[in-house]
>>> print(open('structure_22.cif').read())   # mmCIF, C-alpha atoms
data_my_file
#
loop_
_atom_site.label_atom_id
_atom_site.label_comp_id
_atom_site.auth_asym_id
_atom_site.auth_seq_id
_atom_site.Cartn_x
_atom_site.Cartn_y
_atom_site.Cartn_z
CA MET A 292 15.42 18.21 -4.54
CA LEU A 293 13.10 21.17 -4.39
CA ASN A 294 10.88 19.35 -1.91
CA GLN A 295 13.84 18.78 0.33
CA LEU A 296 14.94 22.38 0.08
CA ILE A 297 11.49 23.61 0.95
CA ASP A 298 11.14 21.25 3.87
CA THR A 299 14.54 21.69 5.41
CA LYS A 300 15.94 25.03 4.39
CA ASP A 301 16.55 27.93 6.74
CA GLN A 302 13.75 29.06 8.93
CA GLN A 303 14.16 32.61 7.74
CA PHE A 304 15.66 34.04 4.56
CA THR A 305 15.56 37.24 2.58
CA PHE A 306 16.07 37.94 -1.09
CA GLU A 307 15.37 40.64 -3.58
CA SER A 308 13.39 40.45 -6.77
CA HIS A 309 12.38 43.24 -9.15
CA GLY A 310 13.54 45.81 -6.63
CA VAL A 311 11.43 44.44 -3.79
CA THR A 312 12.84 42.65 -0.77
CA LEU A 313 10.99 39.49 0.26
CA ASP A 314 11.42 38.55 3.89
CA CYS A 315 10.37 34.88 4.17
CA MET A 316 9.72 32.85 7.27
CA ARG A 317 9.20 29.11 7.02
CA LEU A 318 6.37 27.90 9.25
CA ASP A 319 6.34 24.33 10.48
CA LEU A 320 2.81 23.70 11.60
CA ALA A 321 2.04 20.18 12.79
CA GLY A 322 3.97 18.68 9.87
CA TYR A 323 2.90 21.22 7.29
CA VAL A 324 5.25 23.73 5.70
CA ALA A 325 4.13 27.18 4.67
CA PHE A 326 5.95 30.43 4.04
CA HIS A 327 4.99 33.76 5.49
CA VAL A 328 6.35 36.47 3.22
CA LYS A 329 6.69 40.16 4.02
CA PHE A 330 7.42 42.63 1.25
CA SER A 331 9.40 45.89 1.34
CA SER A 332 6.78 47.40 -0.97
CA ASN A 333 3.23 48.21 0.03
CA ARG A 334 2.05 44.67 -0.68
CA ARG A 335 0.29 42.98 2.20
CA PRO A 336 2.14 40.04 3.80
CA LEU A 337 1.26 36.74 2.19
CA THR A 338 1.27 33.18 3.45
CA ILE A 339 1.67 30.46 0.85
CA ALA A 340 1.95 26.69 0.78
CA ARG A 341 2.32 24.02 -1.85
CA ALA A 342 -0.72 21.92 -2.57
CA LYS A 343 -1.33 18.77 -4.57
CA GLY A 344 -3.54 19.49 -7.54
CA MET A 345 -5.71 17.10 -9.49
CA ASN A 346 -4.22 18.25 -12.79
CA ALA A 347 -0.72 19.16 -11.71
CA PRO A 348 1.61 17.52 -9.21
CA PHE A 349 1.94 20.68 -7.15
CA PHE A 350 0.92 24.28 -7.17
CA TRP A 351 1.48 27.21 -4.85
CA THR A 352 -1.58 28.59 -3.16
CA SER A 353 -2.36 31.33 -0.69
CA ILE A 354 -3.41 30.54 2.83
CA PRO A 355 -6.16 31.53 3.30
CA GLU A 356 -7.78 31.46 -0.12
CA GLY A 357 -8.10 34.57 -2.22
CA ARG A 358 -4.62 35.49 -3.48
CA GLN A 359 -3.88 32.67 -5.88
CA LYS A 360 -2.08 34.68 -8.55
CA GLU A 361 0.25 36.28 -6.02
CA ALA A 362 0.87 32.89 -4.41
CA GLU A 363 1.93 31.36 -7.71
CA GLY A 364 4.27 34.26 -8.46
CA VAL A 365 5.85 34.45 -5.02
CA GLY A 366 6.10 30.67 -4.80
CA LYS A 367 8.03 30.57 -8.02
CA LEU A 368 10.41 33.26 -6.74
CA ILE A 369 11.04 31.25 -3.55
CA GLU A 370 11.70 28.12 -5.59
CA GLU A 371 14.18 29.99 -7.77
CA TYR A 372 15.88 31.52 -4.78
CA LEU A 373 16.27 28.21 -2.95
CA LEU A 374 17.55 26.37 -6.01
CA GLU A 375 19.97 29.11 -6.89
CA LYS A 376 21.28 29.34 -3.35
CA GLU A 377 21.84 25.62 -3.27
CA MET B 197 -13.33 16.59 -5.66
CA CYS B 198 -13.14 20.15 -4.30
CA TYR B 199 -11.71 23.52 -5.23
CA PHE B 200 -9.18 25.51 -3.26
CA ASN B 201 -8.38 28.94 -4.65
CA GLY B 202 -10.04 27.86 -7.90
CA GLN B 203 -7.72 24.84 -8.28
CA LYS B 204 -9.01 21.29 -8.39
CA VAL B 205 -7.83 19.30 -5.40
CA ALA B 206 -8.78 15.98 -3.84
CA ARG B 207 -10.93 15.98 -0.69
CA GLU B 208 -8.02 14.99 1.46
CA GLU B 209 -5.92 17.84 0.12
CA PHE B 210 -8.81 20.25 0.57
CA ILE B 211 -9.07 19.27 4.21
CA ARG B 212 -5.31 19.58 4.63
CA LEU B 213 -5.38 23.09 3.20
CA LYS B 214 -8.33 24.11 5.34
CA HIS B 215 -6.46 22.78 8.33
CA LEU B 216 -3.43 24.79 7.32
CA GLU B 217 -5.59 27.90 7.08
CA LYS B 218 -6.53 27.53 10.69
CA LEU B 219 -2.99 26.79 11.77
CA VAL B 220 -1.72 29.87 10.05
CA ALA B 221 -4.51 32.02 11.42
CA LYS B 222 -3.95 31.03 14.99
CA TYR B 223 -0.36 29.92 14.91
CA ASP B 224 -0.17 28.25 18.30
CA PHE B 225 -3.48 26.61 17.57
CA LEU B 226 -3.46 22.82 17.15
CA ASN B 227 0.29 22.54 16.92
CA ARG B 228 0.52 20.07 19.74
CA ASP B 229 2.04 16.63 19.59
CA ALA B 230 0.35 15.20 22.64
CA ILE B 231 -3.02 15.99 24.14
CA VAL B 232 -4.02 14.35 27.38
CA GLY B 233 -7.68 13.50 27.56
CA PHE B 234 -7.86 13.97 31.27
CA ASP B 235 -6.83 17.60 30.87
CA PHE B 236 -10.11 18.18 29.01
CA SER B 237 -8.19 20.51 26.75
CA PRO B 238 -9.14 21.73 23.26
CA ILE B 239 -8.63 19.51 20.24
CA ALA B 240 -8.97 20.11 16.50
CA VAL B 241 -12.35 19.19 15.12
CA LEU B 242 -14.00 19.37 11.70
CA LYS B 243 -17.46 20.70 12.40
CA PRO B 244 -20.01 20.64 9.57
CA ILE B 245 -21.65 23.92 8.64
CA PRO B 246 -25.42 23.38 8.71
CA ASP B 247 -27.07 22.88 5.31
CA LYS B 248 -23.78 23.01 3.46
CA GLU B 249 -21.31 20.40 2.33
CA ASP B 250 -18.59 22.35 4.07
CA PHE B 251 -17.06 22.48 7.49
CA GLU B 252 -15.01 24.69 9.72
CA ILE B 253 -12.01 23.61 11.70
CA VAL B 254 -12.57 24.54 15.29
CA GLN B 255 -11.32 23.77 18.73
CA MET B 256 -13.60 21.82 21.01
CA GLU B 257 -13.21 20.76 24.58
CA TRP B 258 -12.46 17.04 24.61
CA GLY B 259 -14.87 15.60 27.16
CA PHE B 260 -18.54 15.62 26.17
CA LEU B 261 -20.78 17.67 28.43
CA PRO B 262 -24.40 16.64 27.96
CA ASP B 263 -27.27 19.07 27.83
CA ALA B 264 -27.74 20.44 31.35
CA LEU B 265 -31.33 19.27 31.44
CA LYS B 266 -30.31 15.65 31.02
CA TRP B 267 -28.46 13.22 33.22
CA PRO B 268 -26.01 13.84 34.85
CA PHE B 269 -27.46 17.39 35.00
CA VAL B 270 -24.22 19.37 34.76
CA GLU B 271 -25.13 23.02 34.97
CA THR B 272 -21.94 24.77 36.04
CA ARG B 273 -18.19 24.50 35.54
CA GLN B 274 -17.78 23.40 39.13
CA GLN B 275 -20.25 20.57 38.59
CA ALA B 276 -18.43 19.63 35.37
CA PHE B 277 -15.15 19.58 37.26
CA ASN B 278 -16.64 17.43 40.01
CA MET B 279 -18.19 15.03 37.55
CA ARG B 280 -14.94 14.57 35.65
CA ARG B 281 -12.73 14.14 38.69
CA GLY B 282 -15.13 12.37 41.00
CA TYR B 283 -16.41 13.90 44.22
CA THR B 284 -17.94 13.18 47.59
CA ASP B 285 -21.65 13.97 47.58
CA SER B 286 -23.77 15.46 50.39
CA ARG B 287 -24.35 11.99 51.84
CA GLY B 288 -20.61 11.43 52.10
CA LYS B 289 -20.56 8.93 49.26
CA PHE B 290 -17.81 9.14 46.66
CA GLN B 291 -19.17 9.48 43.14
CA GLN B 292 -16.93 7.91 40.53
CA PRO B 293 -15.57 10.19 37.78
CA LEU B 294 -17.44 10.40 34.50
CA ASN B 295 -15.27 11.87 31.78
CA PHE B 296 -17.21 11.21 28.54
CA LEU B 297 -13.96 11.32 26.57
CA ASN B 298 -14.95 8.31 24.52
CA ALA B 299 -18.30 7.12 23.26
CA VAL B 300 -18.72 3.37 22.83
CA SER B 301 -19.99 2.81 19.28
CA GLU B 302 -22.04 -0.26 20.18
CA GLU B 303 -24.05 1.77 22.73
CA LEU B 304 -24.25 5.06 20.87
CA LEU B 305 -27.88 4.88 19.81
CA GLN B 306 -29.32 2.99 22.72
CA PRO B 307 -32.44 4.62 24.15
CA ASN B 308 -31.66 7.20 26.84
CA LYS B 309 -27.94 7.01 26.12
CA VAL B 310 -26.25 10.32 26.78
CA TYR B 311 -24.74 10.40 23.28
CA ARG B 312 -27.81 9.41 21.30
CA LYS B 313 -29.00 12.85 20.24
CA ALA B 314 -25.52 14.01 19.29
CA ALA B 315 -24.95 10.83 17.27
CA LEU B 316 -28.14 11.54 15.36
CA ASP B 317 -27.64 15.28 14.88
CA ASN B 318 -24.15 16.45 15.82
CA ARG B 319 -21.51 14.31 14.20
CA CYS B 320 -18.02 15.64 13.63
CA ILE B 321 -14.52 14.50 12.80
CA ILE B 322 -11.58 14.74 15.14
CA LEU B 323 -8.26 15.36 13.44
CA SER B 324 -5.28 13.43 14.65
CA THR B 325 -1.68 12.95 13.69
CA GLY B 326 -1.37 9.99 16.05
CA PHE B 327 -2.67 8.72 19.34
CA TYR B 328 -1.21 6.99 22.35
CA ASP B 329 -2.12 3.80 24.10
CA TRP B 330 -0.48 1.60 26.65
CA ARG B 331 0.37 -2.07 26.32
CA HIS B 332 0.20 -3.91 29.61
CA ILE B 333 2.78 -6.62 30.19
CA HIS B 334 2.63 -8.70 33.35
CA PRO B 335 6.15 -9.78 34.32
CA LEU B 336 6.56 -13.28 35.72
CA ASN B 337 7.19 -13.82 39.39
CA LYS B 338 10.75 -15.13 39.59
CA ARG B 339 9.86 -17.58 42.33
CA THR B 340 6.50 -18.96 41.19
CA GLY B 341 6.71 -18.30 37.46
CA GLN B 342 3.21 -16.82 37.61
CA PRO B 343 2.37 -13.41 36.12
CA LEU B 344 2.50 -10.58 38.63
CA LYS B 345 -0.68 -8.67 39.32
CA THR B 346 0.81 -5.31 38.53
CA ALA B 347 1.51 -4.77 34.87
CA VAL B 348 4.35 -2.80 33.36
CA LYS B 349 2.88 -0.28 30.92
CA TYR B 350 4.57 0.48 27.62
CA PRO B 351 3.28 3.49 25.68
CA TYR B 352 2.84 3.27 21.91
CA ARG B 353 2.19 5.93 19.36
CA VAL B 354 -0.20 4.78 16.66
CA ASN B 355 -1.06 6.43 13.39
CA VAL B 356 -2.31 5.62 9.93
CA LYS B 357 0.32 4.57 7.44
CA GLY B 358 1.22 7.13 4.84
CA LYS B 359 -1.05 9.82 6.35
CA GLU B 360 0.17 13.01 7.97
CA TYR B 361 -3.08 13.00 9.83
CA PHE B 362 -6.26 10.98 9.89
CA PHE B 363 -9.90 11.24 10.86
CA MET B 364 -11.61 9.89 13.95
CA ALA B 365 -15.38 9.76 14.23
CA GLY B 366 -16.72 12.10 16.88
CA ILE B 367 -19.85 13.68 18.23
CA TRP B 368 -20.25 17.10 19.77
CA GLN B 369 -22.56 19.03 22.00
CA GLN B 370 -22.76 22.69 22.84
CA TRP B 371 -22.88 23.27 26.56
CA SER B 372 -23.57 26.45 28.55
CA ASP B 373 -22.61 27.31 32.09
CA ALA B 374 -25.80 28.37 33.85
CA GLU B 375 -23.87 30.69 36.19
CA THR B 376 -21.55 32.52 33.82
CA GLY B 377 -23.25 32.03 30.46
CA GLU B 378 -20.01 30.59 29.04
CA THR B 379 -20.79 28.49 25.98
CA VAL B 380 -18.44 25.83 24.75
CA ASP B 381 -18.51 23.04 22.18
CA THR B 382 -17.52 19.74 23.73
CA CYS B 383 -16.85 16.46 21.98
CA SER B 384 -16.25 12.79 22.42
CA ILE B 385 -14.29 10.34 20.27
CA ILE B 386 -16.13 7.23 19.12
CA THR B 387 -14.44 3.95 19.93
CA THR B 388 -14.85 0.53 18.41
CA GLU B 389 -13.58 -2.97 18.99
CA ALA B 390 -9.81 -3.16 18.58
CA ASN B 391 -8.38 -4.72 15.44
CA LEU B 392 -5.56 -7.23 15.45
CA VAL B 393 -2.87 -4.65 16.14
CA MET B 394 -4.78 -2.57 18.64
CA GLU B 395 -6.02 -5.52 20.68
CA GLN B 396 -2.38 -6.27 21.43
CA ILE B 397 -1.33 -2.69 22.10
CA HIS B 398 -4.39 -1.58 24.06
CA ASN B 399 -4.61 -5.03 25.59
CA SER B 400 -6.25 -3.89 28.82
CA LYS B 401 -9.45 -2.69 27.13
CA ARG B 402 -9.19 -3.95 23.54
CA ARG B 403 -10.75 -0.81 22.12
CA MET B 404 -9.57 1.77 19.59
CA PRO B 405 -10.82 5.03 18.13
CA THR B 406 -13.01 4.69 15.06
CA MET B 407 -10.59 5.81 12.38
CA LEU B 408 -12.34 6.60 9.12
CA THR B 409 -11.37 6.70 5.47
CA ASP B 410 -11.83 10.02 3.67
CA ASP B 411 -15.11 8.85 2.17
CA LEU B 412 -16.49 7.53 5.44
CA ALA B 413 -15.48 10.74 7.20
CA TRP B 414 -17.35 12.71 4.56
CA GLU B 415 -20.42 10.50 4.94
CA TRP B 416 -20.26 10.71 8.73
CA MET B 417 -20.20 14.51 8.67
CA PHE B 418 -22.48 15.43 5.83
CA GLU B 419 -24.95 12.70 4.99
CA LYS B 420 -28.36 12.38 6.54
CA LEU B 421 -27.87 8.88 7.80
CA PRO B 422 -30.34 6.28 9.03
CA LYS B 423 -29.61 4.86 12.46
CA GLN B 424 -28.27 1.62 11.09
CA ARG B 425 -25.70 3.40 8.95
CA ILE B 426 -24.62 5.63 11.86
CA SER B 427 -24.06 2.51 13.86
CA GLU B 428 -22.18 0.80 11.04
CA ILE B 429 -19.79 3.69 10.54
CA ALA B 430 -19.32 4.17 14.28
CA LYS B 431 -18.30 0.53 14.60
CA TRP B 432 -16.10 0.52 11.52
CA GLN B 433 -12.69 -1.00 12.07
CA ILE B 434 -9.73 0.30 10.19
CA PRO B 435 -7.79 -2.67 8.76
CA TRP B 436 -4.85 -3.48 10.98
CA GLN B 437 -2.58 -3.44 7.94
CA ASN B 438 -3.18 0.32 7.67
CA LEU B 439 -1.74 1.13 11.08
CA SER B 440 1.82 1.96 11.91
CA TYR B 441 3.07 2.11 15.46
CA TYR B 442 6.12 2.27 17.64
CA THR B 443 7.00 2.50 21.28
CA ILE B 444 7.79 5.81 22.94
CA ALA B 445 9.38 6.81 26.24
CA LYS B 446 7.33 6.26 29.38
CA ASP B 447 7.73 9.93 30.25
CA PHE B 448 6.78 11.07 26.75
CA LEU B 449 4.14 13.49 28.01
CA SER B 450 6.78 15.65 29.67
CA SER B 451 9.21 15.29 26.78
CA THR B 452 9.94 18.07 24.31
CA ASP B 453 9.28 15.58 21.52
CA PRO B 454 6.61 13.14 22.71
CA THR B 455 6.53 11.43 19.32
CA LYS B 456 10.13 10.22 19.49
CA GLU B 457 10.62 6.47 19.27
CA PHE B 458 11.98 4.68 22.30
CA VAL B 459 12.96 1.02 22.15
CA TYR B 460 12.39 -1.37 25.05
CA PRO B 461 14.70 -4.36 24.56
CA GLU B 462 12.67 -6.50 26.96
CA LEU B 463 9.36 -5.92 25.15
CA PRO B 464 8.24 -8.78 22.90
CA PRO B 465 6.99 -7.79 19.43
CA LEU B 466 3.31 -8.00 18.60
CA ASP B 467 2.04 -11.30 17.32
CA ILE B 468 0.98 -10.72 13.73
CA PRO B 469 -0.06 -13.88 11.82
CA GLY B 470 1.60 -14.30 8.48
CA GLN B 471 4.37 -11.99 9.49
CA GLU B 472 7.78 -13.12 10.51
CA LYS B 473 8.64 -12.08 13.99
CA GLN B 474 10.09 -8.61 13.71
CA GLN B 475 13.08 -7.44 15.57
CA GLN B 476 12.20 -5.87 18.84
CA GLY B 477 11.50 -2.19 18.65
CA GLN B 478 11.18 -2.08 14.88
CA ILE B 479 8.84 0.71 13.87
CA GLU B 480 7.07 -0.64 10.83
CA LEU B 481 5.76 -4.16 10.92
CA PHE B 482 3.74 -3.98 7.76
CA GLN B 483 6.05 -2.70 5.05
#
>>> encode(input="structure_22.cif", output="structure tokens")
Amino acid sequence: MLNQLIDTKDQQFTFESHGVTLDCMRLDLAGYVAFHVKFSSNRRPLTIARAKGMNAPFFWTSIPEGRQKEAEGVGKLIEEYLLEKE
Amino acid sequence: MCYFNGQKVAREEFIRLKHLEKLVAKYDFLNRDAIVGFDFSPIAVLKPIPDKEDFEIVQMEWGFLPDALKWPFVETRQQAFNMRRGYTDSRGKFQQPLNFLNAVSEELLQPNKVYRKAALDNRCIILSTGFYDWRHIHPLNKRTGQPLKTAVKYPYRVNVKGKEYFFMAGIWQQWSDAETGETVDTCSIITTEANLVMEQIHNSKRRMPTMLTDDLAWEWMFEKLPKQRISEIAKWQIPWQNLSYYTIAKDFLSSTDPTKEFVYPELPPLDIPGQEKQQQGQIELFQ
């Protein structure tokens, strides 16, 4: 269900978490889905995507590399938002 | 196995993520459903980084331009344009176009062949989500019952089953314009003998791109290969069972969605031994 939500949900959505507004844009790039996230705080915008891991079915990762921890956290928030909204 | 952001991922996933990096960085980059070879436009290429088992995803001009010092001695953009389109020379003789879009695997390493040096030193992988070829059907003359000379051409989109994208063997060459100093990487896609499916779709030439497995693509890009192995990989035929295909509209190149299936009721299905005749227009013959 989550996969479907991620692949087909709105192109653009906004939600709030811990007092910060996350402005998310879904990017469809030649069959790939990624999210570009802008924050109301000072945090730099972040692009994340789900990847297939060797040890886990999926994990969130930053595109480009370098912001893995943030990607995991923000990815989880997006998942929660989409599931809750549904 | 590779690492992306410190996480273990398979090679294929690593390549997918690297591809995504580029797409995100350049946004309108690569996101094209149909590229016409005769436009000599940029395509997405995995280019090995020298002395590393790593690559970058770059755009290259599809249409190999050989070193200017070698035949056909293309030194300027105008000469490249003339060579690709054909031109009338100073003696009034029309010179046939040479596009170098595809490199024939069987001839790749022949002495003096234009692609030889690149095949030895500059191998790359061309990324594709699907390619197009035309099946030629000769309708029967209603009066004589004989096939007409002019064929009706039906376009097909072909890709690799279960893959969002796949790898085609390629070679590349950096080329510089002697007048302007412009430098560009150009490439050519290797072709091999068509397999059972492709010999029926691309039935006018019976050729297909050399589509590689992940491991062969890796070997093609990174290994120091003897000539025989280069030739073997270049000629490798993807099993026909791995291909999926369907027909698309004849005007697909001007369509907003060139990948959309279009069924031609009059078109007979491909002849696949061991398979029951499929209904006309069915997408997957090999499920």
>>> resolve_selection(input="structure_22.cif", expression="the PyMOL selection byres ((chain B) within 7 of (chain A))", output="JSON list (two decimals) with C-alpha atoms, in the coordinates of the input")
[["chain", "number", "residue", "atom", "x", "y", "z"],
["B", 200, "PHE", "CA", -9.18, 25.51, -3.26],
["B", 201, "ASN", "CA", -8.38, 28.94, -4.65],
["B", 203, "GLN", "CA", -7.72, 24.84, -8.28],
["B", 204, "LYS", "CA", -9.01, 21.29, -8.39],
["B", 205, "VAL", "CA", -7.83, 19.30, -5.40],
["B", 206, "ALA", "CA", -8.78, 15.98, -3.84],
["B", 209, "GLU", "CA", -5.92, 17.84, 0.12],
["B", 217, "GLU", "CA", -5.59, 27.90, 7.08],
["B", 219, "LEU", "CA", -2.99, 26.79, 11.77],
["B", 227, "ASN", "CA", 0.29, 22.54, 16.92]]
>>> resolve_selection(input="structure_22.cif", expression="the PyMOL selection byres ((chain B and resi 366-369) around 7)", output="VMD selection string")
chain B and resid 260 to 262 314 to 315 318 to 322 364 to 365 370 to 371 381 to 386
>>> residues_around(input="structure_22.cif", residues="Asp447 (chain B)", least_positions_apart="6", cutoff="12 Å", atoms="all atoms listed in the file", output="PyMOL selection string")
chain B and resi 230+349-352+453-458
>>> write_last_selection(input="structure_22.cif", atoms="C-alpha atoms", output="PDB file, keeping the file's coordinate frame")
ATOM      1  CA  ALA B 230       0.350  15.200  22.640  1.00  0.00           C
ATOM      2  CA  LYS B 349       2.880  -0.280  30.920  1.00  0.00           C
ATOM      3  CA  TYR B 350       4.570   0.480  27.620  1.00  0.00           C
ATOM      4  CA  PRO B 351       3.280   3.490  25.680  1.00  0.00           C
ATOM      5  CA  TYR B 352       2.840   3.270  21.910  1.00  0.00           C
ATOM      6  CA  ASP B 453       9.280  15.580  21.520  1.00  0.00           C
ATOM      7  CA  PRO B 454       6.610  13.140  22.710  1.00  0.00           C
ATOM      8  CA  THR B 455       6.530  11.430  19.320  1.00  0.00           C
ATOM      9  CA  LYS B 456      10.130  10.220  19.490  1.00  0.00           C
ATOM     10  CA  GLU B 457      10.620   6.470  19.270  1.00  0.00           C
ATOM     11  CA  PHE B 458      11.980   4.680  22.300  1.00  0.00           C
TER      12      PHE B 458
END
>>> closest_residue(input="structure_22.cif", among="A:Gln302, A:Ser331, A:Arg317, A:Glu307", to="Tyr372 (chain A)", atoms="all atoms listed in the file")
A:Glu307
>>> closest_residue(input="structure_22.cif", among="B:Lys309, B:Lys338, B:Lys248, B:His398", to="Glu419 (chain B)", atoms="all atoms listed in the file")
B:Lys248
>>> residues_around(input="structure_22.cif", residues="Pro435 (chain B)", least_positions_apart="5", cutoff="12 Å", atoms="all atoms listed in the file", output="PyMOL selection string")
chain B and resi 356-357+389-394+404+406-409+440+482
>>> closest_residue(input="structure_22.cif", among="A:Pro348, A:Phe304, A:Gly310, A:Leu337", to="Gly366 (chain A)", atoms="all atoms listed in the file")
A:Leu337
>>> resolve_selection(input="structure_22.cif", expression="the PyMOL selection byres ((chain B and resi 354) around 7)", output="PyMOL selection string")
chain B and resi 326-328+352-353+355+439-442
>>> axis_aligned_box(input="structure_22.cif", around="region 415-420 of chain B", padding_each_side="6 Å", output="JSON")
{"center_x": -24.3, "center_y": 13.0, "center_z": 6.8, "size_x": 20.2, "size_y": 16.9, "size_z": 15.8}
>>> atom_distance(input="structure_22.cif", atom1="CA of Pro464 (chain B)", atom2="CA of Leu336 (chain B)")
13.7 Å
>>> atom_distance(input="structure_22.cif", atom1="CA of Val459 (chain B)", atom2="CA of Lys446 (chain B)")
10.6 Å
>>> atom_distance(input="structure_22.cif", atom1="CA of Val254 (chain B)", atom2="CA of Leu242 (chain B)")
6.5 Å
>>> residues_around(input="structure_22.cif", residues="Leu265 (chain B)", least_positions_apart="3", cutoff="12 Å", atoms="only C-alpha atoms", output="VMD selection string")
chain B and resid 261 to 262 268 to 272 310 371 to 374
>>> closest_residue(input="structure_22.cif", among="B:Ile397, B:Ile434, B:Leu412, B:Ile426", to="Leu466 (chain B)", atoms="all atoms listed in the file")
B:Ile397
>>> residues_around(input="structure_22.cif", residues="Ser332 (chain A)", least_positions_apart="2", cutoff="7 Å", atoms="only C-alpha atoms", output="PyMOL selection string")
chain A and resi 311+330+334
>>> write_last_selection(input="structure_22.cif", atoms="C-alpha atoms", output="PDB file, in the coordinates of the input")
ATOM      1  CA  VAL A 311      11.430  44.440  -3.790  1.00  0.00           C
ATOM      2  CA  PHE A 330       7.420  42.630   1.250  1.00  0.00           C
ATOM      3  CA  ARG A 334       2.050  44.670  -0.680  1.00  0.00           C
TER       4      ARG A 334
END
>>> residues_near_point(input="structure_22.cif", point="(9.1, 42.1, 5.4)", cutoff="8 Å", atoms="all atoms listed in the file", output="mmCIF file with C-alpha atoms, in the frame of the given file")
data_model
loop_
_atom_site.group_PDB
_atom_site.id
_atom_site.type_symbol
_atom_site.label_atom_id
_atom_site.label_comp_id
_atom_site.auth_asym_id
_atom_site.auth_seq_id
_atom_site.Cartn_x
_atom_site.Cartn_y
_atom_site.Cartn_z
ATOM 1 C CA THR A 312 12.840 42.650 -0.770
ATOM 2 C CA LEU A 313 10.990 39.490 0.260
ATOM 3 C CA ASP A 314 11.420 38.550 3.890
ATOM 4 C CA CYS A 315 10.370 34.880 4.170
ATOM 5 C CA VAL A 328 6.350 36.470 3.220
ATOM 6 C CA LYS A 329 6.690 40.160 4.020
ATOM 7 C CA PHE A 330 7.420 42.630 1.250
ATOM 8 C CA SER A 331 9.400 45.890 1.340
ATOM 9 C CA PRO A 336 2.140 40.040 3.800
#
>>> closest_residue(input="structure_22.cif", among="B:Pro293, B:Pro335, B:Gly470, B:Pro405", to="Gln437 (chain B)", atoms="all atoms listed in the file")
B:Gly470
>>> closest_residue(input="structure_22.cif", among="B:Phe363, B:Arg402, B:Ala276, B:Leu344", to="Trp414 (chain B)", atoms="only C-alpha atoms")
B:Phe363
